[in-house]
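What follows is my_file.txt (compact mmCIF, C-alpha atoms (C1' of nucleotides)).
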```txt
# COMPACT_ATOMS: atom_id res chain seq x y z
CA MET A 29 9.53 -14.96 9.60
CA GLU A 30 8.32 -15.67 6.07
CA LYS A 31 8.73 -13.01 3.42
CA THR A 32 4.96 -12.97 2.90
CA ASP A 33 4.42 -12.13 6.56
CA VAL A 34 7.04 -9.42 6.39
CA VAL A 35 5.34 -7.76 3.44
CA ALA A 36 1.99 -8.01 5.24
CA ALA A 37 3.42 -6.46 8.39
CA LEU A 38 5.16 -3.67 6.48
CA ALA A 39 1.97 -2.94 4.52
CA ALA A 40 0.02 -2.81 7.75
CA LEU A 41 2.40 -0.25 9.21
CA ALA A 42 2.77 1.73 5.99
CA GLN A 43 -0.21 3.96 6.64
CA ASP A 44 -0.47 7.10 8.69
CA SER A 45 -3.34 6.19 10.98
CA ARG A 46 -2.17 2.62 11.42
CA LEU A 47 1.35 3.59 12.30
CA ASP A 48 -0.08 5.94 14.90
CA ILE A 49 -2.37 3.25 16.25
CA PHE A 50 0.39 0.72 16.49
CA ARG A 51 2.79 3.08 18.18
CA LEU A 52 0.12 4.04 20.66
CA LEU A 53 -0.47 0.38 21.46
CA VAL A 54 3.25 -0.25 21.74
CA GLN A 55 3.53 2.54 24.25
CA ALA A 56 0.46 1.28 26.07
CA GLY A 57 2.36 -1.92 26.78
CA PRO A 58 1.28 -5.56 26.78
CA ASP A 59 -2.01 -4.88 28.56
CA GLY A 60 -3.19 -2.86 25.58
CA MET A 61 -6.03 -0.36 25.60
CA PRO A 62 -9.71 -0.24 24.61
CA ALA A 63 -10.68 0.72 21.06
CA GLY A 64 -12.56 3.74 22.33
CA ALA A 65 -9.47 5.17 24.00
CA VAL A 66 -7.52 4.81 20.76
CA ALA A 67 -10.35 6.43 18.82
CA GLU A 68 -10.33 9.39 21.18
CA ALA A 69 -6.55 9.73 21.33
CA LEU A 70 -6.19 9.76 17.55
CA ASP A 71 -9.53 11.28 16.61
CA LEU A 72 -10.65 8.50 14.32
CA ALA A 73 -14.18 7.40 13.38
CA PRO A 74 -15.04 4.12 15.11
CA ASN A 75 -15.70 2.25 11.87
CA THR A 76 -12.49 3.50 10.30
CA LEU A 77 -10.68 2.37 13.40
CA THR A 78 -12.17 -1.11 13.19
CA PHE A 79 -10.99 -1.28 9.60
CA HIS A 80 -7.41 -0.46 10.61
CA PHE A 81 -7.46 -2.77 13.61
CA ASP A 82 -8.47 -5.58 11.28
CA ARG A 83 -5.47 -4.94 9.07
CA LEU A 84 -3.11 -4.86 11.98
CA ARG A 85 -4.65 -8.03 13.34
CA MET A 86 -4.44 -9.85 10.00
CA ALA A 87 -0.80 -8.87 9.84
CA GLY A 88 -0.30 -10.42 13.27
CA LEU A 89 0.79 -7.15 14.83
CA VAL A 90 -2.09 -6.85 17.24
CA THR A 91 -4.38 -8.98 19.40
CA VAL A 92 -7.89 -8.34 20.70
CA ARG A 93 -9.84 -9.46 23.69
CA ARG A 94 -13.21 -8.46 24.96
CA ASP A 95 -13.75 -6.76 28.30
CA GLY A 96 -17.40 -5.96 28.87
CA ARG A 97 -18.47 -3.83 25.95
CA SER A 98 -14.93 -2.69 25.27
CA MET A 99 -12.54 -4.37 22.91
CA ILE A 100 -9.01 -4.25 24.22
CA TYR A 101 -6.31 -4.15 21.57
CA ALA A 102 -2.69 -4.85 22.33
CA ALA A 103 0.52 -4.82 20.28
CA ARG A 104 2.30 -8.12 19.65
CA PHE A 105 5.88 -7.31 20.52
CA GLU A 106 7.22 -10.65 19.34
CA LYS A 107 5.98 -9.85 15.85
CA MET A 108 7.52 -6.41 15.88
CA ASN A 109 10.82 -7.87 16.98
CA ALA A 110 10.65 -10.49 14.26
CA LEU A 111 10.01 -7.79 11.68
CA VAL A 112 12.99 -5.71 12.74
CA GLY A 113 15.02 -8.89 12.83
CA PHE A 114 14.15 -9.71 9.25
CA LEU A 115 15.02 -6.24 8.03
CA THR A 116 18.44 -6.36 9.60
CA GLU A 117 19.34 -10.02 9.11
CA ASN A 118 20.10 -9.64 5.41
CA CYS A 119 21.99 -6.53 6.19
CA CYS A 120 25.57 -7.11 5.13
CA GLY A 121 25.51 -10.15 2.93
CA GLY A 122 24.51 -12.41 5.79
CA VAL A 123 27.24 -11.16 8.08
CA PRO A 124 25.68 -10.02 11.35
CA CYS A 125 26.65 -6.39 11.88
CA THR A 126 25.32 -5.63 15.34
CA PRO A 127 22.90 -7.29 17.76
CA VAL A 128 19.27 -6.65 16.93
CA ALA A 129 17.07 -4.81 19.39
CA GLU A 130 14.79 -7.03 21.44
CA CYS A 131 11.78 -5.41 22.96
CA LYS A 132 10.50 -6.99 26.15
CA PRO A 133 8.40 -4.38 27.89
CA ALA A 134 7.94 -4.84 31.61
CA ARG A 135 4.37 -5.55 32.60
CA LYS A 136 2.76 -2.38 33.84
CA ARG A 137 2.98 -2.01 37.57
CA SER A 138 -0.38 -1.68 39.29
CA LYS A 139 -1.00 1.79 40.67
CA ILE A 140 -2.19 0.29 43.91
CA PRO A 141 0.44 -2.28 44.93
CA ALA A 142 -0.76 -5.19 46.99
CA MET B 14 13.31 10.54 10.87
CA GLU B 15 9.91 12.15 10.29
CA LYS B 16 6.81 10.02 10.53
CA THR B 17 5.97 10.88 6.91
CA ASP B 18 9.31 9.49 5.77
CA VAL B 19 8.80 6.38 7.83
CA VAL B 20 5.42 5.70 6.25
CA ALA B 21 6.94 6.30 2.81
CA ALA B 22 9.81 3.93 3.49
CA LEU B 23 7.52 1.25 4.90
CA ALA B 24 5.18 1.58 1.92
CA ALA B 25 8.11 1.27 -0.43
CA LEU B 26 9.20 -1.97 1.22
CA ALA B 27 5.68 -3.34 1.61
CA GLN B 28 5.60 -4.98 -1.77
CA ASP B 29 6.92 -8.34 -2.87
CA SER B 30 9.09 -7.30 -5.78
CA ARG B 31 10.38 -4.19 -4.05
CA LEU B 32 11.33 -6.02 -0.90
CA ASP B 33 13.25 -8.48 -3.08
CA ILE B 34 14.92 -5.66 -4.98
CA PHE B 35 15.94 -3.85 -1.84
CA ARG B 36 17.28 -6.95 -0.17
CA LEU B 37 19.27 -7.77 -3.27
CA LEU B 38 20.75 -4.27 -3.26
CA VAL B 39 21.48 -4.50 0.44
CA GLN B 40 23.38 -7.72 -0.14
CA ALA B 41 25.16 -6.21 -3.13
CA GLY B 42 26.70 -3.69 -0.77
CA PRO B 43 27.34 0.05 -1.14
CA ASP B 44 28.65 -0.26 -4.70
CA GLY B 45 25.22 -1.38 -5.85
CA MET B 46 24.45 -3.20 -9.08
CA PRO B 47 23.13 -2.36 -12.56
CA ALA B 48 19.38 -2.41 -13.21
CA GLY B 49 19.81 -5.16 -15.79
CA ALA B 50 21.43 -7.47 -13.26
CA VAL B 51 18.53 -6.92 -10.88
CA ALA B 52 16.05 -7.54 -13.68
CA GLU B 53 17.73 -10.83 -14.51
CA ALA B 54 18.15 -11.96 -10.92
CA LEU B 55 14.49 -11.35 -10.08
CA ASP B 56 12.96 -11.94 -13.51
CA LEU B 57 11.21 -8.58 -13.78
CA ALA B 58 10.19 -6.62 -16.88
CA PRO B 59 12.47 -3.60 -17.35
CA ASN B 60 9.67 -1.05 -17.22
CA THR B 61 8.17 -2.64 -14.12
CA LEU B 62 11.59 -2.53 -12.54
CA THR B 63 11.98 1.16 -13.32
CA PHE B 64 8.63 1.75 -11.66
CA HIS B 65 9.76 0.03 -8.48
CA PHE B 66 13.16 1.69 -8.49
CA ASP B 67 11.40 5.05 -8.65
CA ARG B 68 9.37 4.20 -5.58
CA LEU B 69 12.40 3.10 -3.64
CA ARG B 70 14.26 6.20 -4.71
CA MET B 71 11.41 8.53 -3.75
CA ALA B 72 11.37 6.85 -0.36
CA GLY B 73 15.08 7.59 -0.01
CA LEU B 74 15.99 3.93 0.23
CA VAL B 75 18.04 3.79 -2.94
CA THR B 76 20.40 5.91 -5.05
CA VAL B 77 21.21 5.77 -8.76
CA ARG B 78 24.18 6.70 -10.85
CA ARG B 79 24.88 6.16 -14.52
CA ASP B 80 27.73 4.04 -15.77
CA GLY B 81 27.79 3.96 -19.55
CA ARG B 82 24.41 2.68 -20.62
CA SER B 83 23.81 0.99 -17.30
CA MET B 84 22.10 2.54 -14.32
CA ILE B 85 23.66 1.43 -11.07
CA TYR B 86 21.30 1.26 -8.13
CA ALA B 87 22.52 1.03 -4.56
CA ALA B 88 20.81 0.72 -1.18
CA ARG B 89 21.04 3.61 1.25
CA PHE B 90 22.02 1.95 4.49
CA GLU B 91 21.69 5.08 6.57
CA LYS B 92 18.01 5.25 5.67
CA MET B 93 17.46 1.61 6.53
CA ASN B 94 19.13 2.11 9.88
CA ALA B 95 17.01 5.17 10.56
CA LEU B 96 13.88 3.20 9.74
CA VAL B 97 14.72 0.38 12.12
CA GLY B 98 15.65 2.99 14.69
CA PHE B 99 12.27 4.63 14.43
CA LEU B 100 10.41 1.36 14.79
CA THR B 101 12.25 0.45 17.97
CA GLU B 102 12.62 3.86 19.58
CA ASN B 103 9.03 4.04 20.73
CA CYS B 104 9.28 0.51 21.90
CA CYS B 105 8.71 0.53 25.62
CA GLY B 106 7.18 3.88 26.39
CA GLY B 107 10.37 5.70 25.51
CA VAL B 108 12.55 3.48 27.64
CA PRO B 109 15.38 2.10 25.50
CA CYS B 110 15.20 -1.69 25.69
CA THR B 111 18.28 -2.81 23.78
CA PRO B 112 20.77 -1.15 21.43
CA VAL B 113 19.55 -0.89 17.86
CA ALA B 114 21.43 -2.62 15.08
CA GLU B 115 23.67 -0.39 13.00
CA CYS B 116 24.54 -1.59 9.57
CA LYS B 117 27.86 -0.41 8.20
CA PRO B 118 28.83 -2.82 5.44
CA ALA B 119 32.51 -2.99 4.62
CA ARG B 120 33.34 -1.74 1.14
CA LYS B 121 33.75 -4.67 -1.21
CA ARG B 122 37.33 -5.77 -1.51
CA SER B 123 38.67 -5.70 -5.05
CA LYS B 124 39.27 -9.15 -6.48
CA ILE B 125 42.62 -8.01 -7.80
CA PRO B 126 44.42 -6.27 -4.92
CA ALA B 127 46.90 -3.56 -5.83
C1' DC C 22 -38.14 -5.15 28.82
C1' DG C 23 -36.08 -0.60 26.74
C1' DT C 24 -32.12 2.47 26.56
C1' DT C 25 -27.53 3.78 26.45
C1' DT C 26 -22.71 2.77 25.34
C1' DA C 27 -19.05 0.38 22.58
C1' DT C 28 -17.92 -1.56 18.54
C1' DT C 29 -18.65 -3.86 14.14
C1' DT C 30 -20.78 -4.64 9.51
C1' DC C 31 -22.28 -3.21 5.01
C1' DA C 32 -22.53 -0.62 0.62
C1' DA C 33 -20.53 2.87 -2.08
C1' DC C 34 -16.98 5.74 -4.00
C1' DA C 35 -12.61 8.30 -5.28
C1' DG C 36 -7.92 7.54 -5.60
C1' DG C 37 -3.76 5.01 -5.97
C1' DC C 38 -1.09 0.73 -7.18
C1' DA C 39 1.16 -2.83 -9.93
C1' DC C 40 1.28 -4.63 -14.25
C1' DT C 41 1.29 -4.80 -19.47
C1' DG C 42 2.68 -3.40 -24.23
C1' DA C 43 4.45 -0.08 -27.40
C1' DA C 44 7.36 3.64 -28.17
C1' DA C 45 11.08 6.84 -26.83
C1' DT C 46 15.70 8.05 -25.11
C1' DA C 47 20.62 7.36 -24.13
C1' DT C 48 24.99 5.21 -24.76
C1' DC C 49 28.27 2.40 -27.13
C1' DA C 50 30.30 -0.09 -31.27
C1' DT C 51 31.05 -0.35 -36.26
C1' DA D 15 25.07 7.51 -39.70
C1' DT D 16 23.49 2.59 -38.43
C1' DG D 17 22.52 -0.77 -35.40
C1' DA D 18 22.55 -2.90 -30.90
C1' DT D 19 22.05 -2.59 -25.89
C1' DA D 20 20.18 -0.60 -21.51
C1' DT D 21 16.75 1.80 -19.47
C1' DT D 22 12.90 4.98 -19.20
C1' DT D 23 8.39 7.05 -20.52
C1' DC D 24 3.58 6.81 -21.68
C1' DA D 25 -1.23 5.21 -21.95
C1' DG D 26 -4.43 1.85 -20.45
C1' DT D 27 -6.52 -1.48 -17.18
C1' DG D 28 -8.15 -4.21 -13.15
C1' DC D 29 -7.62 -4.43 -8.36
C1' DC D 30 -6.97 -2.85 -3.74
C1' DT D 31 -7.22 0.89 -0.16
C1' DG D 32 -9.00 4.34 2.92
C1' DT D 33 -12.92 6.94 3.97
C1' DT D 34 -17.81 7.94 4.76
C1' DG D 35 -22.66 7.20 6.35
C1' DA D 36 -26.30 4.30 7.88
C1' DA D 37 -27.57 0.28 10.07
C1' DA D 38 -26.59 -3.84 12.95
C1' DT D 39 -24.77 -6.36 16.93
C1' DA D 40 -23.20 -6.86 21.83
C1' DA D 41 -23.08 -5.86 26.59
C1' DA D 42 -24.42 -3.06 30.70
C1' DC D 43 -27.96 -0.59 33.35
C1' DG D 44 -32.39 1.17 34.76
```
Please go through the file and, once you have read it, give me the structure as structure tokens.
Amino acid sequence: MEKTDVVAALAALAQDSRLDIFRLLVQAGPDGMPAGAVAEALDLAPNTLTFHFDRLRMAGLVTVRRDGRSMIYAARFEKMNALVGFLTENCCGGVPCTPVAECKPARKRSKIPA
Amino acid sequence: MEKTDVVAALAALAQDSRLDIFRLLVQAGPDGMPAGAVAEALDLAPNTLTFHFDRLRMAGLVTVRRDGRSMIYAARFEKMNALVGFLTENCCGGVPCTPVAECKPARKRSKIPA
DNA sequence: CGTTTATTTCAACAGGCACTGAAATATCAT
DNA sequence: ATGATATTTCAGTGCCTGTTGAAATAAACG
């Protein structure tokens, strides 16, 4: 990951609401959740939320897709892993100290199995 | 680590010069390096550097001590580890995915052994 | 079609950020 | 004390950020 991207990602996460949003999406898993649900969970004005989503998206930390009238936002785990990787890679003068965490969330199991 | 501290730490690192400064200090190891050396290495005005050092220090990412007329700045590895820990802990809905990296740099060996 | 629901766009504003230049402080050497 | 070196403090400035409120777009439903 380029340094520029790292700074962008850090800046995106360095804000109260956005950190909350991102963590919520991370916990929601790869399927993501609709903007409205995030707005309700965190008690944020819809326009403010759009603003923050944009930042997260520009930073590559989040993706969107449309589903009817809802916009479904989802965390990009690869990006988060890359960020953590960058922070730790220059840890001890280039010497790898410990393996870096890799986050590969299991796809959510359907409530009604086939 | 509290969410407030996390946001502060992320904000501190979310800036070009400061990310450079911190990485330089991380690579310098626990003994740190004088402000002047950082200024020269990164080509930063001394007052600008002080400004950034302050931010890093307020965020708990850096410590200072005086040595003669030099101020020696050093990275706080514990804080960096805590930050990475926080980012990964809420990774997969609370389920730990992989062990988090722990950075414990070895103290620099003296060039002239006893 | 018209209405409701979900989200985005736009304009405006206070506050904070990063940088600059000049001056102050602290320590060391003579 | 005087001067040199290392760093900090202070005032000023343009830019970016986060929030708000009103209006616009997009899709679903009668």
Using only C-alpha atoms (C1' of nucleotides): which of B:Val97, B:Leu26, B:Ala48, B:Ala21 has the shortest distance to chain D: B:Ala48
Distance-based interface of chain A with chain C, 9 Å, counting all atoms listed in the file, as a ChimeraX atom specification: /A:63-64,74-75,78,97-99
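For Leu47 (chain A), the non-local neighbours within 12 Å, defined as residues at least 4 positions apart in the same chain or in other chains and counting all atoms listed in the file, are Ala37, Leu38, Ala39, Ala40, Leu41, Ala42, Gln43, Arg51, Leu52, Leu53, Val54, Leu70, His80, Phe81, Arg83, Leu84, Leu89 and Ala103 of chain A; Lys16, Thr17, Asp18, Val19, Val20, Ala21, Leu23, Ala24, Phe99, Leu100 and Asn103 of chain B.
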How big is the axis-aligned box around the listed atoms of region 86-90 of chain B once 3 Å is added on each side, and where is its centre? Give both in Å to one decimal, as AutoDock Vina command-line options.
```
--center_x 21.7 --center_y 2.2 --center_z -1.8 --size_x 7.7 --size_y 8.9 --size_z 18.6
```
Check: which chain D residues lie within 10 Å of chain B using all atoms listed in the file, as number ranges by chain: D: 19-23
Between CA of Asp59 (chain A) and CA of Ala102 (chain A), distance in Å (one decimal): 6.3 Å
Top pick for closest residue to chain A, considering B:Met46, B:Ala54, B:Ala95, B:Ala41 and counting only C-alpha atoms: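 Result for the nearest residue to chain A: B:Ala41.
One distance worth recording is that between CA of Met93 (chain B) and CA of Met14 (chain B), which is 10.8 Å.
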Point-to-point distance in Å for CA of Val51 (chain B) and CA of Ile34 (chain B):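 Distance reported for this atom pair: 7.0 Å.
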Nearest candidate to chain B (options A:Gly57, A:Glu68, A:Glu30, A:Phe50; using all atoms listed in the file): A:Gly57
So that I can look at just that part, could you write region 19-30 of chain D with N, CA and C atoms (P, O5', C5', C4', C3', O3' and C1' of nucleotides), as an mmCIF file, in the first residue's frame?
```
data_model
loop_
_atom_site.group_PDB
_atom_site.id
_atom_site.type_symbol
_atom_site.label_atom_id
_atom_site.label_comp_id
_atom_site.auth_asym_id
_atom_site.auth_seq_id
_atom_site.Cartn_x
_atom_site.Cartn_y
_atom_site.Cartn_z
ATOM 1 P P DT D 19 26.949 27.733 15.268
ATOM 2 O "O5'" DT D 19 26.027 26.806 16.169
ATOM 3 C "C5'" DT D 19 26.623 25.891 17.090
ATOM 4 C "C4'" DT D 19 25.553 25.135 17.832
ATOM 5 C "C3'" DT D 19 24.446 24.561 16.933
ATOM 6 O "O3'" DT D 19 24.217 23.213 17.304
ATOM 7 C "C1'" DT D 19 23.501 25.862 18.657
ATOM 8 P P DA D 20 23.136 22.324 16.552
ATOM 9 O "O5'" DA D 20 21.920 22.433 17.571
ATOM 10 C "C5'" DA D 20 21.995 21.760 18.832
ATOM 11 C "C4'" DA D 20 20.613 21.773 19.463
ATOM 12 C "C3'" DA D 20 19.492 21.321 18.515
ATOM 13 O "O3'" DA D 20 18.676 20.370 19.181
ATOM 14 C "C1'" DA D 20 19.002 23.457 19.401
ATOM 15 P P DT D 21 17.471 19.663 18.398
ATOM 16 O "O5'" DT D 21 16.245 20.568 18.870
ATOM 17 C "C5'" DT D 21 15.995 20.681 20.272
ATOM 18 C "C4'" DT D 21 15.020 21.788 20.562
ATOM 19 C "C3'" DT D 21 13.638 21.637 19.929
ATOM 20 O "O3'" DT D 21 12.739 21.206 20.940
ATOM 21 C "C1'" DT D 21 14.400 23.895 20.001
ATOM 22 P P DT D 22 11.166 21.069 20.652
ATOM 23 O "O5'" DT D 22 10.663 22.517 21.122
ATOM 24 C "C5'" DT D 22 10.957 22.943 22.451
ATOM 25 C "C4'" DT D 22 10.453 24.357 22.665
ATOM 26 C "C3'" DT D 22 8.939 24.526 22.483
ATOM 27 O "O3'" DT D 22 8.423 25.113 23.671
ATOM 28 C "C1'" DT D 22 10.128 26.169 21.248
ATOM 29 P P DT D 23 6.831 25.295 23.849
ATOM 30 O "O5'" DT D 23 6.581 26.799 23.395
ATOM 31 C "C5'" DT D 23 7.200 27.854 24.117
ATOM 32 C "C4'" DT D 23 6.857 29.192 23.480
ATOM 33 C "C3'" DT D 23 5.364 29.418 23.230
ATOM 34 O "O3'" DT D 23 5.005 30.646 23.858
ATOM 35 C "C1'" DT D 23 6.631 29.928 21.297
ATOM 36 P P DC D 24 3.483 31.101 24.013
ATOM 37 O "O5'" DC D 24 3.312 32.137 22.817
ATOM 38 C "C5'" DC D 24 4.315 33.119 22.596
ATOM 39 C "C4'" DC D 24 4.000 33.915 21.344
ATOM 40 C "C3'" DC D 24 2.512 34.039 21.021
ATOM 41 O "O3'" DC D 24 2.202 35.411 20.814
ATOM 42 C "C1'" DC D 24 3.715 33.294 19.132
ATOM 43 P P DA D 25 0.664 35.898 20.775
ATOM 44 O "O5'" DA D 25 0.541 36.360 19.255
ATOM 45 C "C5'" DA D 25 1.541 37.209 18.700
ATOM 46 C "C4'" DA D 25 1.312 37.371 17.215
ATOM 47 C "C3'" DA D 25 -0.155 37.484 16.795
ATOM 48 O "O3'" DA D 25 -0.261 38.480 15.800
ATOM 49 C "C1'" DA D 25 0.847 35.667 15.672
ATOM 50 P P DG D 26 -1.651 38.800 15.068
ATOM 51 O "O5'" DG D 26 -1.469 38.071 13.670
ATOM 52 C "C5'" DG D 26 -0.321 38.368 12.865
ATOM 53 C "C4'" DG D 26 -0.419 37.634 11.554
ATOM 54 C "C3'" DG D 26 -1.829 37.634 10.942
ATOM 55 O "O3'" DG D 26 -1.720 37.883 9.542
ATOM 56 C "C1'" DG D 26 -1.061 35.413 11.187
ATOM 57 P P DT D 27 -3.029 38.170 8.667
ATOM 58 O "O5'" DT D 27 -3.046 36.942 7.650
ATOM 59 C "C5'" DT D 27 -1.838 36.420 7.118
ATOM 60 C "C4'" DT D 27 -2.159 35.122 6.385
ATOM 61 C "C3'" DT D 27 -3.587 35.064 5.857
ATOM 62 O "O3'" DT D 27 -3.589 34.715 4.492
ATOM 63 C "C1'" DT D 27 -3.079 33.120 7.093
ATOM 64 P P DG D 28 -4.927 34.870 3.606
ATOM 65 O "O5'" DG D 28 -5.048 33.440 2.924
ATOM 66 C "C5'" DG D 28 -3.910 32.835 2.303
ATOM 67 C "C4'" DG D 28 -4.136 31.338 2.194
ATOM 68 C "C3'" DG D 28 -5.444 30.964 1.503
ATOM 69 O "O3'" DG D 28 -5.205 29.854 0.649
ATOM 70 C "C1'" DG D 28 -5.393 30.051 3.684
ATOM 71 P P DC D 29 -6.391 29.210 -0.211
ATOM 72 O "O5'" DC D 29 -6.594 27.808 0.524
ATOM 73 C "C5'" DC D 29 -5.463 26.999 0.830
ATOM 74 C "C4'" DC D 29 -5.915 25.822 1.679
ATOM 75 C "C3'" DC D 29 -7.176 25.138 1.138
ATOM 76 O "O3'" DC D 29 -6.929 23.734 1.074
ATOM 77 C "C1'" DC D 29 -7.453 25.699 3.421
ATOM 78 P P DC D 30 -7.927 22.795 0.328
ATOM 79 O "O5'" DC D 30 -8.447 21.865 1.495
ATOM 80 C "C5'" DC D 30 -7.508 21.319 2.419
ATOM 81 C "C4'" DC D 30 -8.250 20.849 3.651
ATOM 82 C "C3'" DC D 30 -9.484 19.996 3.345
ATOM 83 O "O3'" DC D 30 -9.399 18.810 4.121
ATOM 84 C "C1'" DC D 30 -10.033 21.742 4.836
#
```
